[in-house]
Every structure is written in structure tokens, then in C-alpha cells.
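**Q** The structure under discussion is supplied below as C-alpha cells; questions concerning it will follow.
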Amino acid sequence: MADYIYLLQTRLTAAQQQALSLVRDAARLRGFTVFLVGGAVRDLNSGSPIRDLDVVVQGNALKLRKELQHAGLHLVGESEGMQVLYFSSPGGVRLEVGSTLSITFPKPGKPVVKPANILDDLRRRDFTANAMAISLNEGSYGLLMDPLNGVADIENRELRLVSNYGFIEDPVRMIRAARLSARLGWHMEEKTRHRYDTGKAEGYISAMSPAQAGYEIEEIVHEEDPLRVLRRLESEGWNKFLFPAWTAAKANETELNRLRDTVGQLEAMGIHPDPSAAYFPLLTAKLSPKEVTALKKTFARQGFVDQIAALDADTKNFAVKFNSKAAAAPSDAWKMLMTAIPEQILWLAHSTKSAPVQARFQAFFNEWPQARQRIPYQIMQEMRITPDLPAYADLIENLVFAIMDGKLESPEAIKAFLEPFSPPAPPPPVNMRRRAVKREAKPTKSRSKKTAAAEAPVDADLAPAAEAPAPAEKPVKTAKPTPVKEPAAKATPAPKPVKAAPPAKVPAKKAVPAKKIAAKPVKAAPAKKAVAKKPTPAKAPAKKPVAKKVPVKVAAKKPAPKPVAKKTKPPVKSKPVVKSKPAKKAPVKAAKKSAAKPKPKSRR
């Protein structure tokens, strides 16, 4: 389902919304409920232009005359029998305010009117597409009432009679059907078309009243393309029942088309005139003055006749202002056009013979709007002028007017114009710099640890021998292997170099990396069994002087540790020995390098 609140806000012009608001306020003061009905609701659903507004109130609409006149609406006609008031308001708004009625026809063309509610009022209308209403009341604003399923006929672009006897009761509906078909491009529903042809053949139109004929004649002038509607009525034969002297041949078609183009240009600029008063002299260009006068007398809204008569005089007064010094600058002329009466602007743009005025209108339609496209948004961004500033909208408007007048032709001029509106620059982010210094200080400490750990593996083969004495003080007393096969086991003085802990204090400073390094020889500790199988008594006396020289420098000269490392790598299978006593086996390897005994099991 369509959102009619949104449609009312977007499809209606600002002037039309203002007119509806005035009617709502007046009806609320009287305690009347108010609804938008008729062609306006149909056009909201179909997407057609909304040219007039029909409003009904549940009450006597004639009582709202004074309130609406005081509110600013101009009364152009009324019908006491049908309880209808006809208004016009600035911005090209045509408004009908009527009462909700129930109408019966004892005789064709002779209505009997009674007050009724909104649903009865919708059921007495001509076509289902016109029998819909939208609530304008508080609490139900935007609610659609469609008791006859008019939305379906709008989707099918069909005109369907509400009553099977609609053409008999009110024969003017046949003229209205032809007029709406010409305007909207719709067709009549099959049964409705059959009744239409029957009514035309039977002469139902003879029961039409003069007031109804005058209303339909005036509606032709209010059409968007009146010449097309006039030709359709002439082809259907209805023109001779309305005003036989008025035909499409009596109109100035060339000027009508040019006027319609001007209307489109003004609407594109946001100016919405009601071209009806300007259409009339062009539609009756070839009629005699007497015929024109007689035609005007048939109109239901005699106030519209006054608007036609005053159009030339009002336009001349506006032309004098438009040619004065007050509108010399393009921006001043623009402001004058946007605030003047739209109907006067339309007629001046169409009927003027002055070359300067014509050139100014051409600039208004083509050149001046381009000033908005030349707004220097990039420079404004550099100067911190953004839409969140309080006076941003006024600044843009003044900037457009300055560009329109040719005052800002260079970047220097633009910056000078924008400088008063540029906010001060924000302070530099001081806190961000302090945090950056702290983050740089942390990795320096971690790097020192990494460098210390990286230096330790340089002597990875000899480091366990230097660090072994520190934890080996206690294991030396407990781990005393007693060799059985070799007689050289009596050489007990080996613990003496072990007690010489002073040289071991130097590597003790690197206790943290030493533990990590000691993990490797712990796994290689099972080398005892492999060494026991291959004793080397001849090499034992060569290692005695090595025990005295525990420092790393002496060990670095001898390549002896390299073959030891090769022997310790293969026996990885003996993991159970490592799990039993990992702390005591690390110094055993160190003792092997320091002691000169041939027994590998006595390493301490």
C-alpha cells in the first residue's frame, strides 16, 4: 500500500500544502472532520500532475468562508445549493471546499441534496477513480478510504461508473468522461462505454443544467493541454451543447504551444504558475469580443474572470519593476523573479517584446542556474567550511549570488570571500607524539635481551663446561661412580678442580641463557654408555692440563669438543635417563672436559 503521508509531502507543492493546512486549521476550529477527495487523490495514485484540490468537511462548508478568507485564500465563487466554496491562493492553487453530501435524482438532472458522512459522499460520485478520500485529521492523517476499489481501476487506467444509472441521473458525466479520457489517456470500462454510447444516442445530455455546462466550459480552460481536450469534445459532439461558437479552430495553437513550453521552464526553476488565465486569450483568439464576453458569463467562478481581466495590468506593473535598477544585477533579478506572483512572471516571459527582458529571461533559464555548479567545494574544504557549520546554507546562497554577479572570477577572490566564514584550525595532536616515544622505548629493552641471547650461542659447545661447576657442587657428592674394569678409578683428586668455582662465577652472570643452552647437553647425556664401550686411556694424560684451564679461551683453541658433540647427537633414544636426573647430568658433561681421567663415567 502506498504511503499517502509521504505522497502528500512530496507530490504537492509548498503552496498546495499551505492551502491544505489552512483548511485543516479552520475545520478544526469548527469541529469538522476534513478529507481530501476527488481528482487530487486519483492523481496522487496515478502519478499525474495535481492541478486542483478538492476538500470536503463533515458539516456545512459555507461556514468556513470567513475563516479561510482571513487566512489568505481568495474567494472566486460559491454554490449554495451544493455547499461548495471556490478559492485560489498564491502559487497557482485552485481549491474547492465542499460538504459531504448524499445526492439522489428523482428526475434526470434534478439532484436532491442531503448532509451525509464521508462514505455516503464517496458512493454518490461519478467514477470509482474519483470515489476515494484521504483523511487530513489528527490521529488518522494519511488514511485512505476506498469503498469502491478505485485503486484497481487506476491501475487498469479505466473509468468505471459508480452507479449503473450514472449517465441517466447526471448526464454531464458523459462530458466529464470524455474530458478525463483526453487528459489522462484512459479508456472507459466495457459496461461504462456501452452506457456512454447509449446515453449519447438517447440524448441524455438534454437534461444538463446551464450551471453544469458553465462548470465544464471553465474546466477546459484549466486543463494542462486545453486544446487537446477541446478537440476531443468537439469530435464527440459535446461542444455544441457547451458553446457551439468555441472550437479548436478559433485558438492560436502556435502561441499556446510556446506558452506551455514557458510553463515547463518555470516549473523546472521551482516556480509553479497557474496558466489558466494566460490560456484563455489564446484559446479564444479568433472569437469575437461578444462571443468572448458571453463565454465568460457561463463560468462557475466569476472570480476567475476577474483574474483574466487583471492579468495584463498586473503584468505591466511587474515589468516596470523588472526593468528598474532594483533588478539590474543578475542576483537582484533572480530574487525578484523568485518572490513575484508566478502568473505575472509567466505572462511577461511570454508576451514581452523587449529584447533586454527576453535576454534576461534566457539568462534566468540557462545561464544563471550554472552558478550553483561553480561552487568551489574543494577550496571550501581546504578552509574547513563544511555543511555542519550553522550558517552554511546562507553562505552557499550568498556564494551563488556572488558567482552569478561575476564577483568571484579568481581563486584569490574566492578565498577572500570565504575567509570570514573559515573556522580556526584545530590544535595539533600533542598526546599522540608522547605515546609514540613510549612505544619506541619498549623495544629497546627487548632488543638488549635478544642480543644477549644471541651472543651466548657463539660458545654453545663450551658454555656447558663453564657453567657446570655452579650447579655441580651438590651432585658431585652424590654421583660417585665406581668403575670396576679400569684400575685408574682411584684417581679421586678430580673433585679438586671442580671446587675451583672462581672461574665459574664469570659465566654465572649469564644464568638465563645458560639454562636454555644446558637443555641441549641434557638430552645428550646418555653418551655415557657410548663412551664406556670405547675407553681412550691414551688421551687421558693429554686432558689433565685442560682441567686447570677451565676458561673459555683455552677450550676454544682445542678442536676436541667437536667430536664429542658428534658422539652426543646420535644417541637421542636414551630419553629415560634424561627424565630421571636432568640437573645432575648437565655437570657430568662439563666434568668430562675438565677431568684428565680416562673414565667417561666419572665426569662431574
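Following the order of the C-alpha cells, first chain is A, next is B, and so on, with residues numbered from 1 inside each chain and ligands from 1 in the order they appear.
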List every residue of range 102-172 of chain A that DSSP, applied to the backbone, labels as strand (DSSP E or B), and write the result as a PyMOL selection string.

**A** chain A and resi 102-107+110-115+127+133-135+144-145+158-159+161

**Q** How would you write, as a PyMOL selection string, the set of residues in range 57-265 of chain A that DSSP gives as alpha helix (DSSP H)?

**A** chain A and resi 65-70+118-123+150-156+166-169+172-184+190-202+210-221+226-236+239-242+253-265

**Q** I'd like to know which of A:Gly81, A:Pro342, A:Pro244, A:Gly303 is closest to Ala211 in chain A, using only C-alpha atoms.

**A**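 Counting only C-alpha atoms, the residue closest to Ala211 in chain A is A:Gly81.
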
**Q** Would you mind listing what lies within 9 Å of Thr284 in chain A as a list in words, with only C-alpha atoms counted and same-chain residues fewer than 2 positions away left out?

**A**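 Near neighbours after the sequence-gap exclusion: Trp246, Thr247, Lys250, Ala251, Asn252, Tyr279, Phe280, Pro281, Leu282, Lys286, Leu287, Ser288, Glu291 and Val292 of chain A.
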
**Q** Considering only C-alpha atoms, return as a list in words whatever protein or nucleic-acid residues lie within 7 Å of range 190-192 of chain A, sequence-local ones (same chain, fewer than 3 positions apart) excluded.

**A**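 Surrounding residues, per the criterion: Arg160, Leu161, Arg195 and Tyr196 of chain A.
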
**Q** How would the residues just chosen look if you wrote them out with C-alpha atoms as a PDB file, in the first residue's frame?

**A**
ATOM      1  CA  ARG A 160     -15.909   2.871 -14.299  1.00  0.00           C
ATOM      2  CA  LEU A 161     -19.292   4.288 -13.270  1.00  0.00           C
ATOM      3  CA  ARG A 195     -23.871   3.044 -21.295  1.00  0.00           C
ATOM      4  CA  TYR A 196     -21.980   6.043 -22.643  1.00  0.00           C
TER       5      TYR A 196
END

**Q** I'd like the contact shell of range 19-35 of chain A - 8 Å cut-off, only C-alpha atoms, skipping same-chain residues fewer than 2 positions apart - returned as a PyMOL selection string.

**A** chain A and resi 15-17+37+55-59+64+67-68+71+73+89+93+95+133-137

**Q** Compare A:Pro429, A:Gly39, A:Pro356, A:Pro387 by their minimum atom-to-atom distance to Leu180 in chain A, counting only C-alpha atoms, and give me the closest one.

**A**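 Comparing A:Pro429, A:Gly39, A:Pro356, A:Pro387 against Leu180 in chain A, the winner is A:Gly39.
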
**Q** Measuring between only C-alpha atoms, which one of A:Pro426, A:Phe365, A:Leu227, A:Trp334 shows the shortest distance to Glu397 in chain A?

**A**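 Checking each candidate against Glu397 in chain A, we get A:Trp334 as the closest.
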